[in-house]
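Reviewing the structure listed below.
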Amino acid sequence: MEKFIPSGRPGLEVFHQLQKAKNVKWAVLDTGELGIWKTDLTYLRGQGDGKWWIPIWGSYIETPDAKIIVDCGQDPNDPEIKRRISYAGIAFGPIKQTPEQTYEYQLDKLGVKAEDIDYVLYTHLHFDHTGAAKLFTKAKHVCQMAEIRYAAKPDPFMLISYCPSEYIPLLDLFEPIEGDAMIVPGVYCLSTPGHTPGTMSILVMPEKGQAFMLPGDSSYLRENFNDEWPPGFVYEPETFVASIRRQKRIVEELNATHWPSHDPEAFKELKKAPAWQYSDY
Ligand SMILES: [Zn+2]
């Protein structure tokens with residue numbers, strides 16, 4: 001991993017100079033749905049709009065240099081999750097997951113073994129992004145240093161969203177980064193904090209096809225992205241908005257596609273594993 005851009009300058013020209021990956025495959029891994037109030041998705045907006053069922057998913061990405069997981073979905077069987085979703089009087093959940101909506105099942109369909117994964121990239125460490133983390137015992141687990149520090153001891157208002165039992169036992173496998181980094185040619189982590197202290201976006205640049213960005217919860221919905229509107233679950237709203245603007249600059253500069261993490265409409269447009277959402281083989 002190497003630093004590739006000075007901090008503080010998103011750079012409207014620099015992104016064209018990044019290395020691209022020769023061959024890329026991307027599959028979407030669906031781990032079910034979570035019930036959440038609309039106003040929790042859009043800060044103070046949508047009160048009275050009832051509960052939404054949002055998709056909970058991650059990705060498998062393959063380049064000639066590495067096999068990569070981006071986010072780990074949810075694990076409704078984790079007893080700690082059940083305790084957390086009833087915490088602090090926040091009406092949250094329930095979690096829905098069918099037997100086919102596990103990483104074990106979907107990676108098997110793709111012919112990929114968990115022990116062959118080289119990197120697990122976490123956009124952040126909320127429980128709906130860490131469910132399958134324990135499967136990847138041979139991988140380097142990458143997140144922002146600010147995120148792992150915060151996730152070890154979150155503030156009370158964020159406690160509901162983290163499940164330390166899913167990542168603290170794996171700490172020896174973690175390789176935290178600070179700011180932007182290239183993981184392998186064509187795969188980049190971009191710092192886009194605000195939803196949490198260390199939220200980041202993943203940018204993939206295939207040599208042949210269109211670049212795509214996986215912003216994690218830096219954009220829950222297209223509404224957050226288009227309207228520069230924070231979610232209800234937010235650490236620093238102002239920083240979140242600055243990160244939305246950073247995503248917009250990069251997406252526009254690269255003509256990249258952008259896939260919000262929990263948008264039911266955007267999720268319908270994605271092909272799900274074992275189909276490939278992108279493959280230039
Ligand atoms: Zn989150």
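Each chain in the structure tokens gets a letter, A, B and so on, in the order shown; residues start at 1 in every chain, and ligands are counted from 1 in the order they appear.
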Hey, which residues sit close to ligand 1? Say within 10 Å, counting only C-alpha atoms and all ligand atoms, and write them as a PDB file with N, CA and C atoms, in the first residue's frame.
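Now in selection.pdb:
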```pdb
ATOM      1  N   THR A 123     -15.373   0.159   4.624  1.00  0.00           N
ATOM      2  CA  THR A 123     -15.689   1.584   4.481  1.00  0.00           C
ATOM      3  C   THR A 123     -15.807   2.213   5.866  1.00  0.00           C
ATOM      4  N   HIS A 124     -16.245   1.422   6.843  1.00  0.00           N
ATOM      5  CA  HIS A 124     -16.249   1.780   8.257  1.00  0.00           C
ATOM      6  C   HIS A 124     -16.665   0.522   9.016  1.00  0.00           C
ATOM      7  N   LEU A 125     -16.761   0.611  10.342  1.00  0.00           N
ATOM      8  CA  LEU A 125     -16.918  -0.625  11.126  1.00  0.00           C
ATOM      9  C   LEU A 125     -18.303  -0.772  11.764  1.00  0.00           C
ATOM     10  N   HIS A 126     -19.310  -0.141  11.233  1.00  0.00           N
ATOM     11  CA  HIS A 126     -20.670  -0.390  11.740  1.00  0.00           C
ATOM     12  C   HIS A 126     -21.061  -1.852  11.491  1.00  0.00           C
ATOM     13  N   PHE A 127     -21.971  -2.357  12.357  1.00  0.00           N
ATOM     14  CA  PHE A 127     -22.211  -3.805  12.381  1.00  0.00           C
ATOM     15  C   PHE A 127     -22.757  -4.368  11.072  1.00  0.00           C
ATOM     16  N   ASP A 128     -23.398  -3.495  10.274  1.00  0.00           N
ATOM     17  CA  ASP A 128     -23.919  -3.990   8.991  1.00  0.00           C
ATOM     18  C   ASP A 128     -22.840  -3.977   7.899  1.00  0.00           C
ATOM     19  N   HIS A 129     -21.590  -3.791   8.324  1.00  0.00           N
ATOM     20  CA  HIS A 129     -20.442  -3.852   7.408  1.00  0.00           C
ATOM     21  C   HIS A 129     -19.370  -4.811   7.918  1.00  0.00           C
ATOM     22  N   MET A 158     -23.319   6.519  19.471  1.00  0.00           N
ATOM     23  CA  MET A 158     -22.916   5.677  18.342  1.00  0.00           C
ATOM     24  C   MET A 158     -22.793   4.197  18.739  1.00  0.00           C
ATOM     25  N   SER A 161     -24.445   1.259  16.877  1.00  0.00           N
ATOM     26  CA  SER A 161     -24.074   0.926  15.497  1.00  0.00           C
ATOM     27  C   SER A 161     -22.838   0.034  15.393  1.00  0.00           C
ATOM     28  N   TYR A 162     -22.095  -0.099  16.474  1.00  0.00           N
ATOM     29  CA  TYR A 162     -20.863  -0.897  16.434  1.00  0.00           C
ATOM     30  C   TYR A 162     -21.042  -2.208  17.200  1.00  0.00           C
ATOM     31  N   HIS A 195     -19.815  10.427   8.429  1.00  0.00           N
ATOM     32  CA  HIS A 195     -20.771   9.443   8.950  1.00  0.00           C
ATOM     33  C   HIS A 195     -20.193   8.838  10.233  1.00  0.00           C
ATOM     34  N   THR A 196     -18.927   8.480  10.179  1.00  0.00           N
ATOM     35  CA  THR A 196     -18.148   8.084  11.360  1.00  0.00           C
ATOM     36  C   THR A 196     -16.797   8.788  11.239  1.00  0.00           C
ATOM     37  N   THR A 199     -14.815   6.968   8.094  1.00  0.00           N
ATOM     38  CA  THR A 199     -15.474   6.393   6.908  1.00  0.00           C
ATOM     39  C   THR A 199     -14.622   6.677   5.674  1.00  0.00           C
ATOM     40  N   GLY A 216     -19.645   3.331   0.630  1.00  0.00           N
ATOM     41  CA  GLY A 216     -20.117   2.900   1.948  1.00  0.00           C
ATOM     42  C   GLY A 216     -21.152   3.900   2.439  1.00  0.00           C
ATOM     43  N   ASP A 217     -21.173   4.131   3.748  1.00  0.00           N
ATOM     44  CA  ASP A 217     -22.196   5.028   4.300  1.00  0.00           C
ATOM     45  C   ASP A 217     -21.807   6.507   4.169  1.00  0.00           C
ATOM     46  N   SER A 218     -20.766   6.804   3.378  1.00  0.00           N
ATOM     47  CA  SER A 218     -20.532   8.197   2.977  1.00  0.00           C
ATOM     48  C   SER A 218     -21.684   8.680   2.110  1.00  0.00           C
ATOM     49  N   SER A 219     -22.464   7.744   1.557  1.00  0.00           N
ATOM     50  CA  SER A 219     -23.735   8.040   0.883  1.00  0.00           C
ATOM     51  C   SER A 219     -24.667   6.860   1.135  1.00  0.00           C
ATOM     52  N   TYR A 220     -25.606   6.993   2.056  1.00  0.00           N
ATOM     53  CA  TYR A 220     -26.613   5.933   2.244  1.00  0.00           C
ATOM     54  C   TYR A 220     -27.473   5.795   0.989  1.00  0.00           C
ATOM     55  N   PRO A 231     -27.087  11.655   6.895  1.00  0.00           N
ATOM     56  CA  PRO A 231     -28.068  10.718   7.460  1.00  0.00           C
ATOM     57  C   PRO A 231     -28.345  11.059   8.926  1.00  0.00           C
ATOM     58  N   PHE A 233     -27.973   8.897  11.372  1.00  0.00           N
ATOM     59  CA  PHE A 233     -26.812   8.337  12.064  1.00  0.00           C
ATOM     60  C   PHE A 233     -25.578   9.052  11.524  1.00  0.00           C
ATOM     61  N   VAL A 234     -25.098  10.032  12.268  1.00  0.00           N
ATOM     62  CA  VAL A 234     -23.993  10.846  11.741  1.00  0.00           C
ATOM     63  C   VAL A 234     -23.109  11.306  12.899  1.00  0.00           C
ATOM     64  N   SER A 261     -24.680   2.991  -0.380  1.00  0.00           N
ATOM     65  CA  SER A 261     -24.642   1.719   0.348  1.00  0.00           C
ATOM     66  C   SER A 261     -26.009   1.137   0.682  1.00  0.00           C
ATOM     67  N   HIS A 262     -27.009   1.983   0.899  1.00  0.00           N
ATOM     68  CA  HIS A 262     -28.287   1.470   1.421  1.00  0.00           C
ATOM     69  C   HIS A 262     -29.493   2.001   0.645  1.00  0.00           C
TER      70      HIS A 262
END
```
Please identify every residue of range 240-278 of chain A that has at least one atom no farther than 10 Å from an atom of range 44-60 of chain A, counting only C-alpha atoms, and for each give the shortest atom pair and the distance in Å to one decimal, arranged by chain then increasing number, as a Markdown table.
```
| residue | atom | partner | partner_atom | distance |
| --- | --- | --- | --- | --- |
| A:Ser261 | CA | A:Trp57 | CA | 7.5 |
| A:His262 | CA | A:Pro55 | CA | 5.3 |
| A:Asp263 | CA | A:Ile54 | CA | 6.5 |
| A:Pro264 | CA | A:Ile54 | CA | 5.7 |
| A:Glu265 | CA | A:Ile54 | CA | 9.5 |
| A:Ala266 | CA | A:Pro55 | CA | 9.7 |
| A:Phe267 | CA | A:Pro55 | CA | 7.0 |
| A:Lys268 | CA | A:Pro55 | CA | 9.4 |
| A:Lys272 | CA | A:Ser59 | CA | 9.6 |
| A:Ala273 | CA | A:Tyr60 | CA | 9.0 |
| A:Trp276 | CA | A:Tyr60 | CA | 9.5 |
| A:Gln277 | CA | A:Ser59 | CA | 9.7 |
```
*Take CA of Asn23 in chain A and CA of Tyr278 in chain A and report the distance between them in Å, one decimal.*
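Distance between the two atoms: 10.3 Å.
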I need the residues in range 82-191 of chain A that are strand (DSSP E or B) according to DSSP; give them as a CSV table (one decimal) with C-alpha atoms, in the first residue's frame.
```csv
chain,number,residue,atom,x,y,z
A,95,ILE,CA,-32.7,-7.8,10.4
A,96,LYS,CA,-33.9,-10.1,7.5
A,119,TYR,CA,-7.7,-7.8,1.6
A,120,VAL,CA,-10.9,-6.9,3.4
A,121,LEU,CA,-11.5,-3.2,3.0
A,126,HIS,CA,-20.7,-0.4,11.7
A,140,LYS,CA,-5.2,-8.1,5.7
A,141,HIS,CA,-8.1,-6.1,7.1
A,142,VAL,CA,-7.9,-2.5,6.1
A,144,GLN,CA,-8.8,4.0,8.7
A,162,TYR,CA,-20.9,-0.9,16.4
A,174,PHE,CA,-5.8,-5.2,10.9
A,177,ILE,CA,-4.3,3.5,7.0
A,181,ALA,CA,-4.1,4.9,-0.2
A,182,MET,CA,-3.7,2.6,-3.1
A,183,ILE,CA,-4.2,-1.0,-2.1
A,184,VAL,CA,-3.2,-2.6,-5.4
A,187,VAL,CA,-8.1,-0.1,-6.2
A,188,TYR,CA,-8.0,3.0,-4.0
A,189,CYS,CA,-9.2,4.0,-0.5
A,190,LEU,CA,-10.3,7.6,-0.3
A,191,SER,CA,-10.9,9.3,3.0
```
Close residues, Gly93 in chain A itself excluded, 12 Å, only C-alpha atoms, min 3 positions apart in chain, as a PDB file with C-alpha atoms, in the first residue's frame:
```pdb
ATOM      1  CA  GLY A  32     -30.409  -9.186   3.401  1.00  0.00           C
ATOM      2  CA  GLU A  33     -32.261  -6.166   4.691  1.00  0.00           C
ATOM      3  CA  LEU A  34     -32.574  -4.002   7.778  1.00  0.00           C
ATOM      4  CA  GLY A  35     -35.621  -2.050   8.930  1.00  0.00           C
ATOM      5  CA  ILE A  36     -34.871   1.606   9.665  1.00  0.00           C
ATOM      6  CA  TRP A  37     -36.924   4.809   9.909  1.00  0.00           C
ATOM      7  CA  ASP A  40     -32.574   7.913  10.294  1.00  0.00           C
ATOM      8  CA  LYS A  51     -39.921   2.446   8.149  1.00  0.00           C
ATOM      9  CA  TRP A  52     -37.776   1.600   5.136  1.00  0.00           C
ATOM     10  CA  TRP A  53     -36.207  -1.753   4.343  1.00  0.00           C
ATOM     11  CA  ILE A  54     -32.677  -1.017   3.270  1.00  0.00           C
ATOM     12  CA  ILE A  56     -27.225  -4.628   3.427  1.00  0.00           C
ATOM     13  CA  GLN A  74     -24.535  -8.286   8.532  1.00  0.00           C
ATOM     14  CA  PRO A  76     -28.213 -11.598  12.355  1.00  0.00           C
ATOM     15  CA  ILE A  81     -26.431  -7.637  17.438  1.00  0.00           C
ATOM     16  CA  LYS A  82     -29.758  -8.613  19.009  1.00  0.00           C
ATOM     17  CA  ARG A  83     -28.782  -6.815  22.194  1.00  0.00           C
ATOM     18  CA  ARG A  84     -27.638  -3.697  20.357  1.00  0.00           C
ATOM     19  CA  ILE A  85     -30.663  -3.175  18.176  1.00  0.00           C
ATOM     20  CA  SER A  86     -32.829  -2.827  21.272  1.00  0.00           C
ATOM     21  CA  TYR A  87     -30.392  -0.401  22.905  1.00  0.00           C
ATOM     22  CA  GLY A  89     -34.802   3.116  22.902  1.00  0.00           C
ATOM     23  CA  ILE A  90     -33.973   3.456  19.220  1.00  0.00           C
ATOM     24  CA  LYS A  96     -33.893 -10.057   7.501  1.00  0.00           C
ATOM     25  CA  GLN A  97     -31.603 -12.696   5.984  1.00  0.00           C
ATOM     26  CA  ASP A 128     -23.919  -3.990   8.991  1.00  0.00           C
ATOM     27  CA  ILE A 160     -25.794   1.036  18.882  1.00  0.00           C
ATOM     28  CA  SER A 161     -24.074   0.926  15.497  1.00  0.00           C
TER      29      SER A 161
END
```
*Separation of CA of Ala66 in chain A from CA of Asp118 in chain A, in Å and rounded to one decimal*: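 Value for the CA of Ala66 in chain A-CA of Asp118 in chain A distance: 5.9 Å.
If you measure from each of A:Ser201, A:Gln19, A:Asn224, A:Ser165 to Tyr43 in chain A using only C-alpha atoms, the closest one turns out to be A:Asn224.
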_Option closest in space to Met213 in chain A, from A:Ala242, A:Val70, A:Ala146, A:Leu171 [counting only C-alpha atoms]_ =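 Of A:Ala242, A:Val70, A:Ala146, A:Leu171, the one nearest Met213 in chain A, counting only C-alpha atoms, is A:Val70.
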*Between A:Pro169, A:Thr102, A:Leu214, A:Pro197, single out the one closest to Asp155 in chain A, counting only C-alpha atoms.*
A:Pro197
